[in-house]
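Q: Can you keep this structure in mind? I'll have questions shortly.
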Amino acid sequence: TYHKEYKELCDRFVGTAYGYSSSGFYSAIVHWNSTPAKFKHSDRNPPLGALVFFNSGQYGHAALSTGNGNLISTDINGRGTLGRTSISGIEQKWGAPYLGWTAPYFHNA
């Protein structure tokens, strides 16, 4: 189902998943780049609730880990939708290189 609040607003989605009105960052790539290195992980096994980041275009992409290699992502099954996918699913569908994952880290927290 289409929801205007999900269309191309992946970083806002991960913030709202944790009860904030946004992530506090301008975009997913700004979020990733602003997160301290000590919170970043490059392995491909993000735990439940981790924020997962990709280098996708000018703004990057953020998704939410549901554990066991699965993610919830905006726009993956059509613009303005939420859908289940995986790291490799995003890499393959959008050609977006995986950057890594972080524990929940927000500018407004």
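Going by the structure tokens order, chains are called A, B, ..., each with residues numbered from 1, while ligands are numbered from 1 in the order shown.
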Would you mind listing what lies within 6 Å of stretch 85-98 of chain A as a PyMOL selection string, with only C-alpha atoms counted and same-chain residues fewer than 2 positions away left out?

A: chain A and resi 54-56+70-71+100

Q: Keeping only all heavy atoms, take the residues you just selected and write them out as a short mmCIF file (atom, residue, chain, number, x, y, z; two decimals), in the first residue's frame.

A:
```cif
data_model
loop_
_atom_site.label_atom_id
_atom_site.label_comp_id
_atom_site.auth_asym_id
_atom_site.auth_seq_id
_atom_site.Cartn_x
_atom_site.Cartn_y
_atom_site.Cartn_z
N PHE A 54 23.13 1.88 3.04
CA PHE A 54 23.61 1.58 1.69
C PHE A 54 24.01 2.89 1.01
O PHE A 54 23.43 3.94 1.28
CB PHE A 54 22.50 0.91 0.87
CG PHE A 54 22.06 -0.40 1.43
CD1 PHE A 54 21.12 -0.45 2.45
CD2 PHE A 54 22.61 -1.58 0.96
CE1 PHE A 54 20.72 -1.67 2.98
CE2 PHE A 54 22.22 -2.80 1.48
CZ PHE A 54 21.28 -2.84 2.50
N ASN A 55 24.95 2.80 0.09
CA ASN A 55 25.38 3.94 -0.70
C ASN A 55 24.53 3.96 -1.97
O ASN A 55 24.89 3.39 -2.98
CB ASN A 55 26.87 3.84 -1.03
CG ASN A 55 27.39 5.10 -1.66
OD1 ASN A 55 26.68 6.08 -1.79
ND2 ASN A 55 28.64 5.06 -2.08
N SER A 56 23.40 4.61 -1.89
CA SER A 56 22.43 4.61 -2.97
C SER A 56 22.15 6.04 -3.41
O SER A 56 21.40 6.76 -2.76
CB SER A 56 21.13 3.95 -2.49
OG SER A 56 20.13 4.05 -3.47
N ASN A 70 17.30 -10.33 7.55
CA ASN A 70 16.15 -9.70 6.93
C ASN A 70 16.04 -8.23 7.30
O ASN A 70 16.48 -7.82 8.38
CB ASN A 70 14.86 -10.42 7.34
CG ASN A 70 14.87 -11.85 6.88
OD1 ASN A 70 15.04 -12.12 5.70
ND2 ASN A 70 14.70 -12.79 7.81
N LEU A 71 15.43 -7.45 6.41
CA LEU A 71 15.27 -6.02 6.61
C LEU A 71 13.85 -5.59 6.26
O LEU A 71 13.18 -6.25 5.47
CB LEU A 71 16.21 -5.24 5.67
CG LEU A 71 17.69 -5.58 5.63
CD1 LEU A 71 18.38 -4.78 4.53
CD2 LEU A 71 18.32 -5.30 6.97
N GLY A 100 27.10 -0.80 5.89
CA GLY A 100 27.21 -1.42 7.21
C GLY A 100 25.98 -1.14 8.05
O GLY A 100 24.97 -0.64 7.55
#
```

Q: Find the spatial neighbours of A:Pro36, counting only C-alpha atoms, within a cut-off of 12 Å - ignore same-chain residues fewer than 4 positions away - and output them as a list in words.

A: Val30, His31, Trp32, Lys40, His41, Trp101, Thr102, Ala103, Pro104, Tyr105, Phe106 and His107 of chain A

Q: Please save N, CA and C atoms of the selected residues as a PDB file, in the first residue's frame.

A:
```
ATOM      1  N   VAL A  30      23.954  11.169   5.172  1.00  0.00           N
ATOM      2  CA  VAL A  30      24.407  12.079   6.232  1.00  0.00           C
ATOM      3  C   VAL A  30      24.340  11.363   7.575  1.00  0.00           C
ATOM      4  N   HIS A  31      23.292  10.594   7.793  1.00  0.00           N
ATOM      5  CA  HIS A  31      23.145   9.816   9.025  1.00  0.00           C
ATOM      6  C   HIS A  31      24.344   8.877   9.184  1.00  0.00           C
ATOM      7  N   TRP A  32      24.643   8.102   8.152  1.00  0.00           N
ATOM      8  CA  TRP A  32      25.774   7.169   8.193  1.00  0.00           C
ATOM      9  C   TRP A  32      27.085   7.906   8.442  1.00  0.00           C
ATOM     10  N   LYS A  40      29.745   1.882  14.219  1.00  0.00           N
ATOM     11  CA  LYS A  40      29.559   1.299  12.890  1.00  0.00           C
ATOM     12  C   LYS A  40      30.134  -0.118  12.826  1.00  0.00           C
ATOM     13  N   HIS A  41      29.442  -0.979  12.084  1.00  0.00           N
ATOM     14  CA  HIS A  41      29.867  -2.371  11.893  1.00  0.00           C
ATOM     15  C   HIS A  41      29.768  -2.705  10.408  1.00  0.00           C
ATOM     16  N   TRP A 101      26.080  -1.451   9.327  1.00  0.00           N
ATOM     17  CA  TRP A 101      24.960  -1.255  10.230  1.00  0.00           C
ATOM     18  C   TRP A 101      25.434  -0.547  11.498  1.00  0.00           C
ATOM     19  N   THR A 102      24.469   0.041  12.184  1.00  0.00           N
ATOM     20  CA  THR A 102      24.736   0.672  13.472  1.00  0.00           C
ATOM     21  C   THR A 102      23.633   0.288  14.444  1.00  0.00           C
ATOM     22  N   ALA A 103      23.968   0.353  15.719  1.00  0.00           N
ATOM     23  CA  ALA A 103      22.913   0.312  16.726  1.00  0.00           C
ATOM     24  C   ALA A 103      22.095   1.589  16.529  1.00  0.00           C
ATOM     25  N   PRO A 104      20.870   1.656  17.029  1.00  0.00           N
ATOM     26  CA  PRO A 104      20.081   2.864  16.852  1.00  0.00           C
ATOM     27  C   PRO A 104      20.856   4.104  17.329  1.00  0.00           C
ATOM     28  N   TYR A 105      21.063   5.014  16.442  1.00  0.00           N
ATOM     29  CA  TYR A 105      21.797   6.250  16.724  1.00  0.00           C
ATOM     30  C   TYR A 105      21.079   7.370  15.990  1.00  0.00           C
ATOM     31  N   PHE A 106      20.584   8.345  16.758  1.00  0.00           N
ATOM     32  CA  PHE A 106      19.808   9.433  16.171  1.00  0.00           C
ATOM     33  C   PHE A 106      20.319  10.767  16.677  1.00  0.00           C
ATOM     34  N   HIS A 107      20.242  11.771  15.833  1.00  0.00           N
ATOM     35  CA  HIS A 107      20.697  13.108  16.177  1.00  0.00           C
ATOM     36  C   HIS A 107      19.823  13.730  17.235  1.00  0.00           C
TER      37      HIS A 107
END
```

Q: Between atom CA of A:Arg79 and atom CA of A:Asp43, what distance in Å does the model show, to one decimal?

A: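 Separation of atom CA of A:Arg79 and atom CA of A:Asp43: 28.0 Å.
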
Q: Work out how far apart atom CA of A:Leu64 and atom CA of A:Leu51 are and give it in Å to one decimal.

A: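 A separation of 5.0 Å between them.
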
Q: Would you list, as a list in words, the residues of chain A that end up in strand (DSSP E or B) under DSSP run on this structure's backbone?

A: Lys40, His41, Leu51, Val52, Phe53, Phe54, His61, Ala62, Ala63, Leu64, Ser65, Thr66, Gly67, Asn70, Leu71, Ile72, Ser73, Thr74, Leu82, Gly83, Arg84, Thr85, Ser86, Tyr98, Leu99, Gly100, Trp101 and Thr102 of chain A

Q: With only C-alpha atoms as the atoms that count, which of A:Gln58, A:Gly49, A:Arg84, A:Tyr2 lies nearest to A:Val14?

A: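 When distances to A:Val14 are compared using only C-alpha atoms, the smallest one comes from A:Gly49.
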
Q: So which residues of stretch 5-107 of chain A fall under alpha helix (DSSP H) by DSSP, listed as a list in words?

A: Cys10, Asp11, Arg12, Phe13, Val14, Gly15, Thr16, Ala17, Ala28, Ile29, Val30, His31, Trp32, Asn33, Ser34, Ile87, Ser88, Gly89, Ile90, Glu91, Gln92, Lys93 and Trp94 of chain A

Q: Any chance you can output those residues with C-alpha atoms as a PDB file, in the first residue's frame?

A:
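Listing of again-v8.pdb after writing:
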```
ATOM      1  CA  CYS A  10      13.911   5.880   4.403  1.00  0.00           C
ATOM      2  CA  ASP A  11      15.898   7.703   7.076  1.00  0.00           C
ATOM      3  CA  ARG A  12      12.737   9.252   8.456  1.00  0.00           C
ATOM      4  CA  PHE A  13      11.199   5.766   8.572  1.00  0.00           C
ATOM      5  CA  VAL A  14      14.004   4.343  10.754  1.00  0.00           C
ATOM      6  CA  GLY A  15      13.593   7.306  13.125  1.00  0.00           C
ATOM      7  CA  THR A  16       9.839   6.828  13.380  1.00  0.00           C
ATOM      8  CA  ALA A  17      10.371   3.113  14.053  1.00  0.00           C
ATOM      9  CA  ALA A  28      20.551   8.402   5.136  1.00  0.00           C
ATOM     10  CA  ILE A  29      24.072   9.114   3.852  1.00  0.00           C
ATOM     11  CA  VAL A  30      24.407  12.079   6.232  1.00  0.00           C
ATOM     12  CA  HIS A  31      23.145   9.816   9.025  1.00  0.00           C
ATOM     13  CA  TRP A  32      25.774   7.169   8.193  1.00  0.00           C
ATOM     14  CA  ASN A  33      28.578   9.695   7.808  1.00  0.00           C
ATOM     15  CA  SER A  34      27.631  11.449  11.072  1.00  0.00           C
ATOM     16  CA  ILE A  87      21.051  -6.777   2.210  1.00  0.00           C
ATOM     17  CA  SER A  88      21.643  -8.648  -1.039  1.00  0.00           C
ATOM     18  CA  GLY A  89      18.099  -7.847  -2.192  1.00  0.00           C
ATOM     19  CA  ILE A  90      18.785  -4.105  -1.967  1.00  0.00           C
ATOM     20  CA  GLU A  91      22.242  -4.494  -3.528  1.00  0.00           C
ATOM     21  CA  GLN A  92      20.815  -6.450  -6.455  1.00  0.00           C
ATOM     22  CA  LYS A  93      17.646  -4.416  -7.059  1.00  0.00           C
ATOM     23  CA  TRP A  94      19.203  -0.959  -6.778  1.00  0.00           C
TER      24      TRP A  94
END
```

Q: Taking into account only C-alpha atoms, which residue in the set A:Ser21, A:Thr35, A:Thr81, A:Thr66 is nearest to A:Leu48?

A: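 Selected residue with least distance to A:Leu48: A:Thr66.
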
Q: Do a neighbour search on A:Pro46 at 7 Å with only C-alpha atoms, toss out local chain neighbours closer than 4 positions, and write the hits as JSON, numbers by chain.

A: {"A": [50, 65, 67, 69, 101]}

Q: Produce a file of the selected residues containing C-alpha atoms, as a short mmCIF file (atom, residue, chain, number, x, y, z; two decimals), in the first residue's frame.

A:
```
data_model
loop_
_atom_site.label_atom_id
_atom_site.label_comp_id
_atom_site.auth_asym_id
_atom_site.auth_seq_id
_atom_site.Cartn_x
_atom_site.Cartn_y
_atom_site.Cartn_z
CA ALA A 50 19.90 -2.31 13.81
CA SER A 65 16.96 -5.03 10.51
CA GLY A 67 17.24 -10.09 12.40
CA GLY A 69 19.52 -11.30 7.59
CA TRP A 101 24.96 -1.25 10.23
#
```

Q: Between A:Asp75, A:Tyr20, A:Phe53, A:Gly80, which is the closest to A:Leu99 once you count only C-alpha atoms?

A: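 Checking each candidate against A:Leu99, we get A:Phe53 as the closest.
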
Q: Using only C-alpha atoms, find the one residue out of A:Leu9, A:Ser22, A:Gly83, A:Phe39 that sits nearest to A:Gly60.

A: A:Leu9
